[in-house]
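Novice: What follows is protein-v3.pdb, made up of PDB, C-alpha atoms:
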```pdb
ATOM      1  CA  MET A   1     -69.117 -68.194 114.849
ATOM      2  CA  ARG A   2     -67.356 -67.504 118.132
ATOM      3  CA  SER A   3     -67.424 -69.991 121.015
ATOM      4  CA  ALA A   4     -70.162 -70.299 123.630
ATOM      5  CA  ASP A   5     -67.763 -68.959 126.275
ATOM      6  CA  TRP A   6     -66.969 -65.923 124.138
ATOM      7  CA  LEU A   7     -70.680 -65.176 123.701
ATOM      8  CA  THR A   8     -71.487 -65.537 127.394
ATOM      9  CA  GLU A   9     -68.630 -63.212 128.302
ATOM     10  CA  ARG A  10     -69.562 -60.649 125.645
ATOM     11  CA  PHE A  11     -73.263 -60.618 126.529
ATOM     12  CA  GLY A  12     -72.871 -61.009 130.297
ATOM     13  CA  LEU A  13     -74.470 -64.444 130.571
ATOM     14  CA  PRO A  14     -73.662 -67.061 133.224
ATOM     15  CA  GLY A  15     -71.738 -70.174 132.286
ATOM     16  CA  PRO A  16     -71.238 -72.932 131.618
ATOM     17  CA  ALA A  17     -72.769 -72.709 128.170
ATOM     18  CA  SER A  18     -73.083 -74.778 125.027
ATOM     19  CA  LEU A  19     -73.662 -73.740 121.438
ATOM     20  CA  VAL A  20     -75.518 -75.828 118.849
ATOM     21  CA  GLY A  21     -76.144 -75.150 115.208
ATOM     22  CA  PRO A  22     -76.756 -73.572 112.968
ATOM     23  CA  VAL A  23     -80.375 -74.571 113.564
ATOM     24  CA  ASP A  24     -81.867 -72.284 110.912
ATOM     25  CA  ARG A  25     -80.636 -70.294 107.920
ATOM     26  CA  GLY A  26     -81.815 -67.234 106.035
ATOM     27  CA  LEU A  27     -80.703 -65.062 103.142
ATOM     28  CA  GLN A  28     -78.299 -63.011 105.252
ATOM     29  CA  GLY A  29     -77.208 -65.348 108.005
ATOM     30  CA  GLN A  30     -78.072 -68.162 110.355
ATOM     31  CA  ILE A  31     -79.362 -68.942 113.848
ATOM     32  CA  TRP A  32     -77.517 -70.834 116.587
ATOM     33  CA  LYS A  33     -78.926 -72.153 119.868
ATOM     34  CA  LEU A  34     -77.060 -71.079 123.001
ATOM     35  CA  ALA A  35     -77.828 -72.876 126.288
ATOM     36  CA  CYS A  36     -76.785 -71.234 129.549
ATOM     37  CA  GLY A  37     -77.911 -73.145 132.606
ATOM     38  CA  ARG A  38     -81.701 -73.344 132.415
ATOM     39  CA  ARG A  39     -82.023 -70.551 129.847
ATOM     40  CA  THR A  40     -81.839 -70.870 126.084
ATOM     41  CA  TYR A  41     -81.032 -68.098 123.627
ATOM     42  CA  ALA A  42     -81.036 -67.609 119.875
ATOM     43  CA  VAL A  43     -77.803 -66.236 118.457
ATOM     44  CA  LYS A  44     -78.359 -64.479 115.150
ATOM     45  CA  GLU A  45     -75.198 -64.528 113.063
ATOM     46  CA  THR A  46     -75.342 -62.153 110.095
ATOM     47  CA  THR A  47     -72.540 -62.879 107.674
ATOM     48  CA  THR A  48     -73.123 -59.683 105.696
ATOM     49  CA  PRO A  49     -72.003 -56.810 107.938
ATOM     50  CA  LEU A  50     -74.949 -54.699 109.065
ATOM     51  CA  ASP A  51     -74.860 -50.938 109.452
ATOM     52  CA  HIS A  52     -74.648 -50.117 113.149
ATOM     53  CA  ASP A  53     -77.329 -47.438 112.887
ATOM     54  CA  GLN A  54     -79.707 -49.993 111.348
ATOM     55  CA  VAL A  55     -78.954 -52.475 114.145
ATOM     56  CA  VAL A  56     -79.776 -49.785 116.712
ATOM     57  CA  ALA A  57     -82.929 -48.765 114.815
ATOM     58  CA  ALA A  58     -84.152 -52.379 114.742
ATOM     59  CA  TYR A  59     -83.498 -52.807 118.478
ATOM     60  CA  THR A  60     -85.220 -49.514 119.283
ATOM     61  CA  LEU A  61     -88.342 -50.249 117.251
ATOM     62  CA  GLN A  62     -88.597 -53.801 118.556
ATOM     63  CA  THR A  63     -88.331 -52.548 122.136
ATOM     64  CA  GLN A  64     -90.922 -49.818 121.539
ATOM     65  CA  ALA A  65     -93.282 -52.281 119.878
ATOM     66  CA  ALA A  66     -92.936 -54.747 122.756
ATOM     67  CA  GLY A  67     -93.947 -51.912 125.077
ATOM     68  CA  HIS A  68     -97.162 -51.593 123.071
ATOM     69  CA  GLY A  69     -97.907 -55.292 123.434
ATOM     70  CA  VAL A  70     -96.343 -56.615 120.232
ATOM     71  CA  GLY A  71     -94.906 -60.071 120.810
ATOM     72  CA  ALA A  72     -91.174 -60.121 120.055
ATOM     73  CA  PRO A  73     -88.191 -62.032 121.484
ATOM     74  CA  ARG A  74     -86.316 -59.943 124.041
ATOM     75  CA  GLN A  75     -82.948 -58.840 122.663
ATOM     76  CA  LEU A  76     -79.947 -58.832 124.972
ATOM     77  CA  LEU A  77     -77.337 -56.076 125.056
ATOM     78  CA  THR A  78     -73.595 -56.626 125.261
ATOM     79  CA  VAL A  79     -71.744 -55.789 128.448
ATOM     80  CA  ASP A  80     -71.001 -52.432 126.775
ATOM     81  CA  GLY A  81     -74.690 -51.745 126.216
ATOM     82  CA  ASP A  82     -74.656 -52.406 122.491
ATOM     83  CA  PRO A  83     -77.390 -54.465 120.769
ATOM     84  CA  ALA A  84     -74.781 -56.372 118.749
ATOM     85  CA  ALA A  85     -71.213 -57.599 118.788
ATOM     86  CA  TYR A  86     -69.100 -57.142 115.671
ATOM     87  CA  VAL A  87     -66.234 -59.492 114.928
ATOM     88  CA  ASP A  88     -64.455 -60.699 111.768
ATOM     89  CA  GLY A  89     -67.013 -59.064 109.486
ATOM     90  CA  GLU A  90     -69.960 -60.684 111.277
ATOM     91  CA  THR A  91     -72.753 -59.153 113.325
ATOM     92  CA  LEU A  92     -73.811 -61.247 116.326
ATOM     93  CA  ARG A  93     -76.981 -60.648 118.335
ATOM     94  CA  VAL A  94     -78.580 -62.641 121.144
ATOM     95  CA  PHE A  95     -82.316 -63.045 121.801
ATOM     96  CA  ASP A  96     -84.430 -65.057 124.193
ATOM     97  CA  TRP A  97     -85.264 -68.355 122.529
ATOM     98  CA  VAL A  98     -88.921 -68.658 121.461
ATOM     99  CA  ASP A  99     -90.388 -71.851 119.999
ATOM    100  CA  LEU A 100     -92.355 -70.793 116.929
ATOM    101  CA  SER A 101     -94.644 -72.576 114.524
ATOM    102  CA  ALA A 102     -93.868 -72.906 110.831
ATOM    103  CA  PRO A 103     -94.825 -69.930 108.630
ATOM    104  CA  SER A 104     -98.567 -69.852 107.971
ATOM    105  CA  ARG A 105    -100.888 -67.469 106.161
ATOM    106  CA  ALA A 106    -103.770 -68.938 108.166
ATOM    107  CA  LEU A 107    -103.023 -67.077 111.417
ATOM    108  CA  ASP A 108    -106.050 -65.669 113.232
ATOM    109  CA  PRO A 109    -106.812 -62.546 111.144
ATOM    110  CA  GLY A 110    -108.224 -60.627 114.105
ATOM    111  CA  ALA A 111    -105.036 -61.229 116.077
ATOM    112  CA  VAL A 112    -102.958 -60.101 113.087
ATOM    113  CA  GLY A 113    -105.001 -56.903 112.805
ATOM    114  CA  ARG A 114    -104.655 -56.093 116.492
ATOM    115  CA  LEU A 115    -100.910 -56.754 116.444
ATOM    116  CA  LEU A 116    -100.422 -54.505 113.422
ATOM    117  CA  ALA A 117    -102.424 -51.745 115.114
ATOM    118  CA  ALA A 118    -100.121 -51.941 118.136
ATOM    119  CA  LEU A 119     -97.052 -51.936 115.893
ATOM    120  CA  HIS A 120     -98.249 -48.822 114.082
ATOM    121  CA  GLN A 121     -98.990 -47.098 117.376
ATOM    122  CA  ALA A 122     -95.407 -47.828 118.426
ATOM    123  CA  GLY A 123     -93.964 -46.356 115.230
ATOM    124  CA  VAL A 124     -93.312 -42.640 114.900
ATOM    125  CA  SER A 125     -94.133 -40.338 112.001
ATOM    126  CA  THR A 126     -91.112 -39.483 109.899
ATOM    127  CA  ASP A 127     -90.166 -37.278 106.975
ATOM    128  CA  ASP A 128     -87.304 -39.599 106.029
ATOM    129  CA  PRO A 129     -87.519 -40.905 102.449
ATOM    130  CA  VAL A 130     -88.993 -44.343 101.827
ATOM    131  CA  ASP A 131     -86.596 -46.788 100.181
ATOM    132  CA  PRO A 132     -87.401 -47.378  96.477
ATOM    133  CA  TRP A 133     -87.813 -51.101  97.250
ATOM    134  CA  TYR A 134     -91.170 -50.244  98.849
ATOM    135  CA  VAL A 135     -92.545 -47.628  96.449
ATOM    136  CA  GLU A 136     -91.041 -47.850  92.966
ATOM    137  CA  PRO A 137     -92.029 -50.189  90.105
ATOM    138  CA  VAL A 138     -89.659 -52.517  88.319
ATOM    139  CA  GLY A 139     -91.043 -51.048  85.105
ATOM    140  CA  ARG A 140     -91.995 -52.416  81.707
ATOM    141  CA  ASP A 141     -88.535 -52.045  80.152
ATOM    142  CA  ARG A 142     -86.789 -53.987  82.921
ATOM    143  CA  TRP A 143     -89.448 -56.703  82.908
ATOM    144  CA  VAL A 144     -89.140 -57.150  79.138
ATOM    145  CA  GLU A 145     -85.349 -57.275  79.295
ATOM    146  CA  LEU A 146     -85.304 -59.657  82.263
ATOM    147  CA  ILE A 147     -87.849 -62.081  80.791
ATOM    148  CA  ALA A 148     -85.910 -62.182  77.515
ATOM    149  CA  GLU A 149     -82.687 -63.014  79.391
ATOM    150  CA  LEU A 150     -84.432 -65.761  81.341
ATOM    151  CA  GLN A 151     -85.932 -67.304  78.205
ATOM    152  CA  LEU A 152     -82.556 -67.230  76.453
ATOM    153  CA  ALA A 153     -80.899 -68.863  79.484
ATOM    154  CA  GLY A 154     -83.593 -71.544  79.723
ATOM    155  CA  ALA A 155     -84.835 -70.622  83.188
ATOM    156  CA  PRO A 156     -87.449 -73.177  84.294
ATOM    157  CA  PHE A 157     -89.811 -70.396  85.411
ATOM    158  CA  ALA A 158     -89.332 -68.162  82.347
ATOM    159  CA  ALA A 159     -92.586 -69.174  80.635
ATOM    160  CA  ALA A 160     -94.669 -68.626  83.775
ATOM    161  CA  LEU A 161     -93.133 -65.208  84.359
ATOM    162  CA  ALA A 162     -93.558 -64.232  80.695
ATOM    163  CA  ALA A 163     -97.256 -65.134  80.918
ATOM    164  CA  LEU A 164     -97.580 -62.647  83.773
ATOM    165  CA  GLY A 165     -95.674 -59.870  82.003
ATOM    166  CA  GLU A 166     -98.627 -57.633  81.188
ATOM    167  CA  GLU A 167    -100.180 -58.244  84.595
ATOM    168  CA  LEU A 168     -96.961 -57.142  86.296
ATOM    169  CA  VAL A 169     -97.002 -53.866  84.361
ATOM    170  CA  ARG A 170    -100.744 -53.394  84.922
ATOM    171  CA  SER A 171    -100.347 -53.815  88.681
ATOM    172  CA  GLU A 172     -97.522 -51.304  88.783
ATOM    173  CA  SER A 173     -99.672 -48.723  86.972
ATOM    174  CA  ILE A 174    -101.623 -47.958  90.172
ATOM    175  CA  MET A 175     -98.548 -47.274  92.336
ATOM    176  CA  GLU A 176     -98.530 -43.994  94.262
ATOM    177  CA  PRO A 177     -96.083 -42.113  96.533
ATOM    178  CA  ALA A 178     -96.085 -43.298 100.136
ATOM    179  CA  ARG A 179     -98.413 -41.480 102.519
ATOM    180  CA  GLN A 180     -98.766 -41.478 106.309
ATOM    181  CA  VAL A 181     -95.134 -42.552 106.647
ATOM    182  CA  ILE A 182     -94.047 -44.071 109.962
ATOM    183  CA  THR A 183     -91.122 -46.139 111.164
ATOM    184  CA  SER A 184     -92.226 -49.768 110.961
ATOM    185  CA  HIS A 185     -91.178 -53.386 110.431
ATOM    186  CA  ARG A 186     -91.661 -53.439 106.606
ATOM    187  CA  ASP A 187     -91.280 -57.227 106.316
ATOM    188  CA  LEU A 188     -94.404 -58.698 107.942
ATOM    189  CA  TRP A 189     -94.810 -61.725 105.734
ATOM    190  CA  ALA A 190     -95.657 -65.120 107.217
ATOM    191  CA  ASP A 191     -91.952 -65.924 107.600
ATOM    192  CA  ASN A 192     -91.625 -63.148 110.178
ATOM    193  CA  LEU A 193     -95.024 -63.187 111.888
ATOM    194  CA  ARG A 194     -95.599 -66.538 113.571
ATOM    195  CA  SER A 195     -97.379 -68.098 116.516
ATOM    196  CA  ASP A 196     -95.901 -69.781 119.554
ATOM    197  CA  PRO A 197     -97.244 -73.104 120.951
ATOM    198  CA  ASP A 198     -99.913 -71.161 122.891
ATOM    199  CA  GLY A 199    -101.094 -69.329 119.779
ATOM    200  CA  ARG A 200     -99.570 -65.958 120.675
ATOM    201  CA  LEU A 201     -98.227 -64.027 117.699
ATOM    202  CA  THR A 202     -94.542 -63.130 117.615
ATOM    203  CA  VAL A 203     -92.702 -60.806 115.234
ATOM    204  CA  ILE A 204     -89.111 -61.666 114.329
ATOM    205  CA  ASP A 205     -86.438 -60.322 111.952
ATOM    206  CA  TRP A 206     -86.692 -56.565 112.479
ATOM    207  CA  ASP A 207     -83.571 -55.827 110.413
ATOM    208  CA  ASN A 208     -85.467 -54.277 107.488
ATOM    209  CA  CYS A 209     -87.319 -51.745 109.622
ATOM    210  CA  GLY A 210     -87.539 -48.152 108.473
ATOM    211  CA  PRO A 211     -89.855 -45.558 106.943
ATOM    212  CA  ALA A 212     -92.976 -47.118 105.431
ATOM    213  CA  SER A 213     -96.487 -46.188 104.433
ATOM    214  CA  ALA A 214     -98.833 -47.251 107.242
ATOM    215  CA  PRO A 215    -101.677 -47.889 104.760
ATOM    216  CA  GLY A 216     -99.215 -49.796 102.588
ATOM    217  CA  GLU A 217     -98.159 -52.071 105.421
ATOM    218  CA  LEU A 218    -101.811 -52.654 106.304
ATOM    219  CA  ALA A 219    -102.429 -53.561 102.650
ATOM    220  CA  MET A 220     -99.455 -55.927 102.791
ATOM    221  CA  ALA A 221    -100.992 -57.707 105.786
ATOM    222  CA  LEU A 222    -104.252 -58.030 103.849
ATOM    223  CA  VAL A 223    -102.375 -59.555 100.911
ATOM    224  CA  GLU A 224    -100.565 -62.084 103.097
ATOM    225  CA  PHE A 225    -103.196 -62.997 105.669
ATOM    226  CA  GLY A 226    -106.506 -61.854 104.149
ATOM    227  CA  THR A 227    -106.715 -64.938 101.966
ATOM    228  CA  GLY A 228    -110.515 -64.827 101.742
ATOM    229  CA  PRO A 229    -113.115 -62.060 101.993
ATOM    230  CA  ALA A 230    -114.099 -62.930 105.576
ATOM    231  CA  ARG A 231    -110.459 -63.075 106.721
ATOM    232  CA  ALA A 232    -109.647 -59.757 105.044
ATOM    233  CA  ARG A 233    -112.688 -58.116 106.649
ATOM    234  CA  ASP A 234    -111.858 -59.515 110.107
ATOM    235  CA  LEU A 235    -108.234 -58.364 109.876
ATOM    236  CA  TYR A 236    -109.118 -54.869 108.697
ATOM    237  CA  ARG A 237    -111.868 -54.308 111.236
ATOM    238  CA  ALA A 238    -109.746 -55.654 114.102
ATOM    239  CA  TYR A 239    -106.941 -53.280 113.091
ATOM    240  CA  ARG A 240    -109.258 -50.255 113.044
ATOM    241  CA  SER A 241    -111.073 -51.249 116.260
ATOM    242  CA  ALA A 242    -107.721 -51.586 118.058
ATOM    243  CA  GLY A 243    -106.763 -48.024 117.136
ATOM    244  CA  GLY A 244    -104.780 -48.702 113.980
ATOM    245  CA  PRO A 245    -104.151 -45.254 112.412
ATOM    246  CA  ALA A 246    -104.232 -46.250 108.728
ATOM    247  CA  GLU A 247    -107.020 -46.850 106.248
ATOM    248  CA  VAL A 248    -106.861 -48.606 102.893
ATOM    249  CA  THR A 249    -108.996 -46.487 100.583
ATOM    250  CA  GLY A 250    -107.949 -47.283  97.017
ATOM    251  CA  PRO A 251    -105.758 -49.456  94.784
ATOM    252  CA  GLY A 252    -102.793 -47.109  95.238
ATOM    253  CA  ASP A 253    -102.528 -48.170  98.866
ATOM    254  CA  PHE A 254    -101.337 -51.557  97.572
ATOM    255  CA  THR A 255     -98.170 -49.907  96.232
ATOM    256  CA  MET A 256     -96.038 -51.363  99.027
ATOM    257  CA  PRO A 257     -96.946 -55.062  98.623
ATOM    258  CA  ILE A 258     -96.820 -54.803  94.826
ATOM    259  CA  ALA A 259     -93.404 -53.120  94.909
ATOM    260  CA  VAL A 260     -91.955 -55.608  97.405
ATOM    261  CA  LEU A 261     -93.313 -58.690  95.649
ATOM    262  CA  HIS A 262     -92.128 -57.502  92.236
ATOM    263  CA  HIS A 263     -88.668 -56.568  93.501
ATOM    264  CA  LEU A 264     -88.367 -59.964  95.181
ATOM    265  CA  VAL A 265     -89.234 -61.666  91.893
ATOM    266  CA  GLU A 266     -86.693 -59.558  90.023
ATOM    267  CA  LEU A 267     -84.044 -60.269  92.664
ATOM    268  CA  GLY A 268     -84.681 -64.017  92.547
ATOM    269  CA  ALA A 269     -84.574 -64.043  88.744
ATOM    270  CA  ARG A 270     -81.292 -62.129  88.620
ATOM    271  CA  GLN A 271     -79.828 -64.395  91.298
ATOM    272  CA  TRP A 272     -80.784 -67.383  89.141
ATOM    273  CA  LEU A 273     -78.984 -65.832  86.162
ATOM    274  CA  ALA A 274     -75.873 -65.127  88.247
ATOM    275  CA  ALA A 275     -75.822 -68.379  90.264
ATOM    276  CA  GLY A 276     -72.681 -70.444  90.001
ATOM    277  CA  GLY A 277     -74.098 -73.741  91.233
ATOM    278  CA  GLU A 278     -77.210 -75.871  90.972
ATOM    279  CA  LEU A 279     -78.214 -75.431  94.618
ATOM    280  CA  ALA A 280     -78.051 -71.636  94.374
ATOM    281  CA  ARG A 281     -80.086 -71.756  91.182
ATOM    282  CA  GLN A 282     -82.690 -73.950  92.816
ATOM    283  CA  HIS A 283     -83.063 -71.567  95.758
ATOM    284  CA  ALA A 284     -83.401 -68.606  93.401
ATOM    285  CA  ALA A 285     -85.958 -70.442  91.256
ATOM    286  CA  ASP A 286     -87.989 -71.299  94.346
ATOM    287  CA  ARG A 287     -88.184 -67.596  95.248
ATOM    288  CA  VAL A 288     -89.552 -66.736  91.821
ATOM    289  CA  ARG A 289     -91.983 -69.656  91.776
ATOM    290  CA  GLU A 290     -93.394 -68.573  95.131
ATOM    291  CA  PHE A 291     -94.873 -65.654  93.189
ATOM    292  CA  THR A 292     -95.593 -67.241  89.809
ATOM    293  CA  ASP A 293     -97.445 -70.128  91.478
ATOM    294  CA  ASP A 294     -99.710 -67.686  93.355
ATOM    295  CA  PRO A 295     -99.363 -64.244  91.767
ATOM    296  CA  PHE A 296    -100.852 -61.125  93.295
ATOM    297  CA  ARG A 297    -102.896 -59.370  90.614
ATOM    298  CA  LEU A 298    -104.548 -55.982  90.427
ATOM    299  CA  SER A 299    -107.904 -57.768  90.598
ATOM    300  CA  ASP A 300    -106.816 -59.189  93.970
ATOM    301  CA  ALA A 301    -106.238 -55.668  95.288
ATOM    302  CA  ARG A 302    -109.742 -54.689  94.203
ATOM    303  CA  ARG A 303    -111.153 -57.820  95.853
ATOM    304  CA  LEU A 304    -109.445 -56.944  99.143
ATOM    305  CA  LEU A 305    -110.738 -53.393  98.932
ATOM    306  CA  ALA A 306    -114.279 -54.669  98.503
ATOM    307  CA  ALA A 307    -113.944 -57.017 101.477
ATOM    308  CA  ARG A 308    -113.005 -54.395 104.089
TER     309      ARG A 308
END
```
As structure tokens, what does this structure read like?
Specialist:
Amino acid sequence: MRSADWLTERFGLPGPASLVGPVDRGLQGQIWKLACGRRTYAVKETTTPLDHDQVVAAYTLQTQAAGHGVGAPRQLLTVDGDPAAYVDGETLRVFDWVDLSAPSRALDPGAVGRLLAALHQAGVSTDDPVDPWYVEPVGRDRWVELIAELQLAGAPFAAALAALGEELVRSESIMEPARQVITSHRDLWADNLRSDPDGRLTVIDWDNCGPASAPGELAMALVEFGTGPARARDLYRAYRSAGGPAEVTGPGDFTMPIAVLHHLVELGARQWLAAGGELARQHAADRVREFTDDPFRLSDARRLLAAR
């Protein structure tokens, strides 16, 4: 991480400044707290270099969404008008600091529905292909091979994953090609949709934005925040009443959440197999257990459909 003075100069902020952190960490980087006079900013340091076009796309969508009323931290531009600074293989971005609550699936479902409607109104239709991460199954053969490797290696979650093997394949059997594709956030899990101290919802981490099925992202919100029939109904109806353009009409519209959840499980399992230390293995195991402890089943998709 560069110094506070370097950041203030690069992003045109007044000094003197101080830098504290990292105050939070994620899979691809960490967050620092930059104080400049009476203002505080979040500096997002991504240690894996990001594609410049993706950085611009994330900034553009976030700005468009904010114009439609979606809560999001304002992102600062560099003195050259760029949404990021690139140095020594790192990508550095600066945002207004926002105090956010811990991740929670118990957010007001009506507010979630209205926010998602605004987000989808901000997105634009696109013919660009949807990344396989959001539409393709892991597949029976890969599941069988992976579970066998985990059992042989003595993974602590191998038995739980093996018990779900047929359910994983059954869920993937309903997957369909993406429809009503728009540019959207694509990662609206509770980690990235939070409330501030006044209860206002805020969307963070726009880096994974891109082409997505609007019905699929609506289904993903139902999976994450529609944790009971009444909540699912309130979320869905609030989305539609606020002008949300998508409808969830059948099990195939749950392709996106099923694909993402299954790919995350596969990624965590393979990271556990490749991990060189106990801490890395523990983090990878936690990612897998997040699913095996509360799996999303095909019956859950049918329950959410019935609750609309």
Novice: Take the PyMOL selection byres ((chain A and resi 102) around 10), run it mentally on this structure, and tell me the resulting residues as an mmCIF file with C-alpha atoms, in the coordinates of the input.
Specialist:
```cif
data_model
loop_
_atom_site.group_PDB
_atom_site.id
_atom_site.type_symbol
_atom_site.label_atom_id
_atom_site.label_comp_id
_atom_site.auth_asym_id
_atom_site.auth_seq_id
_atom_site.Cartn_x
_atom_site.Cartn_y
_atom_site.Cartn_z
ATOM 1 C CA ASP A 99 -90.388 -71.851 119.999
ATOM 2 C CA LEU A 100 -92.355 -70.793 116.929
ATOM 3 C CA SER A 101 -94.644 -72.576 114.524
ATOM 4 C CA PRO A 103 -94.825 -69.930 108.630
ATOM 5 C CA SER A 104 -98.567 -69.852 107.971
ATOM 6 C CA ALA A 190 -95.657 -65.120 107.217
ATOM 7 C CA ASP A 191 -91.952 -65.924 107.600
ATOM 8 C CA LEU A 193 -95.024 -63.187 111.888
ATOM 9 C CA ARG A 194 -95.599 -66.538 113.571
ATOM 10 C CA SER A 195 -97.379 -68.098 116.516
ATOM 11 C CA ASP A 196 -95.901 -69.781 119.554
#
```
Novice: Skip A:Leu235 itself and residues of its chain fewer than 3 positions away, then list as a JSON list (two decimals) with C-alpha atoms, in the coordinates of the input all residues within 9 Å of it, counting all atoms listed in the file.
Specialist:
```
[["chain", "number", "residue", "atom", "x", "y", "z"],
["A", 108, "ASP", "CA", -106.05, -65.67, 113.23],
["A", 109, "PRO", "CA", -106.81, -62.55, 111.14],
["A", 110, "GLY", "CA", -108.22, -60.63, 114.10],
["A", 111, "ALA", "CA", -105.04, -61.23, 116.08],
["A", 112, "VAL", "CA", -102.96, -60.10, 113.09],
["A", 113, "GLY", "CA", -105.00, -56.90, 112.80],
["A", 114, "ARG", "CA", -104.66, -56.09, 116.49],
["A", 221, "ALA", "CA", -100.99, -57.71, 105.79],
["A", 222, "LEU", "CA", -104.25, -58.03, 103.85],
["A", 225, "PHE", "CA", -103.20, -63.00, 105.67],
["A", 226, "GLY", "CA", -106.51, -61.85, 104.15],
["A", 230, "ALA", "CA", -114.10, -62.93, 105.58],
["A", 231, "ARG", "CA", -110.46, -63.08, 106.72],
["A", 232, "ALA", "CA", -109.65, -59.76, 105.04],
["A", 238, "ALA", "CA", -109.75, -55.65, 114.10],
["A", 239, "TYR", "CA", -106.94, -53.28, 113.09],
["A", 240, "ARG", "CA", -109.26, -50.26, 113.04],
["A", 308, "ARG", "CA", -113.00, -54.40, 104.09]]
```
Novice: Skip A:Leu19 itself and residues of its chain fewer than 4 positions away, then list as a list in words all residues within 12 Å of it, counting all atoms listed in the file.
Specialist: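 After dropping sequence-adjacent residues, the list is Met1, Arg2, Ser3, Ala4, Asp5, Trp6, Leu7, Thr8, Gly15, Val23, Ile31, Trp32, Lys33, Leu34, Ala35, Cys36, Gly37, Thr40, Tyr41, Ala42 and Val43 of chain A.
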Novice: Neighbours of A:Pro49 within 7 Å (only C-alpha atoms; same-chain residues fewer than 6 positions away dropped), as a short mmCIF file (atom, residue, chain, number, x, y, z; two decimals) with C-alpha atoms, in the coordinates of the input?
Specialist:
```cif
data_model
loop_
_atom_site.label_atom_id
_atom_site.label_comp_id
_atom_site.auth_asym_id
_atom_site.auth_seq_id
_atom_site.Cartn_x
_atom_site.Cartn_y
_atom_site.Cartn_z
CA GLY A 89 -67.01 -59.06 109.49
CA GLU A 90 -69.96 -60.68 111.28
CA THR A 91 -72.75 -59.15 113.32
#
```
Novice: Starting from the PyMOL selection byres ((chain A and resi 126-141) around 9), expand the selection into actual residues of this file and give them as a PDB file with C-alpha atoms, in the coordinates of the input.
Specialist:
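To be explicit, this is the file written out as expr.pdb:
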```pdb
ATOM      1  CA  VAL A 124     -93.312 -42.640 114.900  1.00  0.00           C
ATOM      2  CA  SER A 125     -94.133 -40.338 112.001  1.00  0.00           C
ATOM      3  CA  ARG A 142     -86.789 -53.987  82.921  1.00  0.00           C
ATOM      4  CA  TRP A 143     -89.448 -56.703  82.908  1.00  0.00           C
ATOM      5  CA  VAL A 144     -89.140 -57.150  79.138  1.00  0.00           C
ATOM      6  CA  GLU A 145     -85.349 -57.275  79.295  1.00  0.00           C
ATOM      7  CA  LEU A 146     -85.304 -59.657  82.263  1.00  0.00           C
ATOM      8  CA  GLY A 165     -95.674 -59.870  82.003  1.00  0.00           C
ATOM      9  CA  GLU A 166     -98.627 -57.633  81.188  1.00  0.00           C
ATOM     10  CA  LEU A 168     -96.961 -57.142  86.296  1.00  0.00           C
ATOM     11  CA  VAL A 169     -97.002 -53.866  84.361  1.00  0.00           C
ATOM     12  CA  GLU A 172     -97.522 -51.304  88.783  1.00  0.00           C
ATOM     13  CA  SER A 173     -99.672 -48.723  86.972  1.00  0.00           C
ATOM     14  CA  MET A 175     -98.548 -47.274  92.336  1.00  0.00           C
ATOM     15  CA  GLU A 176     -98.530 -43.994  94.262  1.00  0.00           C
ATOM     16  CA  PRO A 177     -96.083 -42.113  96.533  1.00  0.00           C
ATOM     17  CA  ALA A 178     -96.085 -43.298 100.136  1.00  0.00           C
ATOM     18  CA  GLN A 180     -98.766 -41.478 106.309  1.00  0.00           C
ATOM     19  CA  VAL A 181     -95.134 -42.552 106.647  1.00  0.00           C
ATOM     20  CA  ILE A 182     -94.047 -44.071 109.962  1.00  0.00           C
ATOM     21  CA  THR A 183     -91.122 -46.139 111.164  1.00  0.00           C
ATOM     22  CA  ARG A 186     -91.661 -53.439 106.606  1.00  0.00           C
ATOM     23  CA  GLY A 210     -87.539 -48.152 108.473  1.00  0.00           C
ATOM     24  CA  PRO A 211     -89.855 -45.558 106.943  1.00  0.00           C
ATOM     25  CA  ALA A 212     -92.976 -47.118 105.431  1.00  0.00           C
ATOM     26  CA  SER A 213     -96.487 -46.188 104.433  1.00  0.00           C
ATOM     27  CA  GLY A 216     -99.215 -49.796 102.588  1.00  0.00           C
ATOM     28  CA  THR A 255     -98.170 -49.907  96.232  1.00  0.00           C
ATOM     29  CA  MET A 256     -96.038 -51.363  99.027  1.00  0.00           C
ATOM     30  CA  PRO A 257     -96.946 -55.062  98.623  1.00  0.00           C
ATOM     31  CA  ILE A 258     -96.820 -54.803  94.826  1.00  0.00           C
ATOM     32  CA  ALA A 259     -93.404 -53.120  94.909  1.00  0.00           C
ATOM     33  CA  VAL A 260     -91.955 -55.608  97.405  1.00  0.00           C
ATOM     34  CA  HIS A 262     -92.128 -57.502  92.236  1.00  0.00           C
ATOM     35  CA  HIS A 263     -88.668 -56.568  93.501  1.00  0.00           C
ATOM     36  CA  GLU A 266     -86.693 -59.558  90.023  1.00  0.00           C
TER      37      GLU A 266
END
```
Novice: May I ask for the distance between atom CA of A:Ala65 and atom CA of A:Gly123, given in Å to one decimal place?
Specialist: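 Here the two named atoms are 7.6 Å from each other.
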Novice: If I take atom CA of A:Asp253 and atom CA of A:Leu119, how far is one from the other in Å, to one decimal?
Specialist: 18.3 Å
Novice: Looking at all atoms listed in the file, which of A:Ala85, A:Val98, A:Gln54, A:Tyr59 is the one that sits closest to A:Arg39?
Specialist: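 Nearest to A:Arg39: A:Val98.
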Novice: Take the point (-78.8, -57.4, 123.0) as written in the file and pick out every residue within 9 Å of it, counting only C-alpha atoms; give the list as a PyMOL selection string.
Specialist: chain A and resi 11+59+74-78+81-85+93-95
Novice: Quick one: residues within 9 Å of A:Ala158, all atoms listed in the file, excluding same-chain residues fewer than 3 positions away - as a PyMOL selection string?
Specialist: chain A and resi 147-151+153-155+161-163+269
Novice: Could you give me, as a list in words, the residues that have an atom at most 10 Å away from the point (-89.4, -61.6, 93.2) in the coordinates of the file, using all atoms listed in the file?
Specialist: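 In the file's frame, the residues around the point are Ala259, Val260, Leu261, His262, His263, Leu264, Val265, Glu266, Leu267, Gly268, Ala269, Arg270, Ala284, Ala285, Asp286, Arg287, Val288, Arg289, Glu290, Phe291 and Thr292 of chain A.
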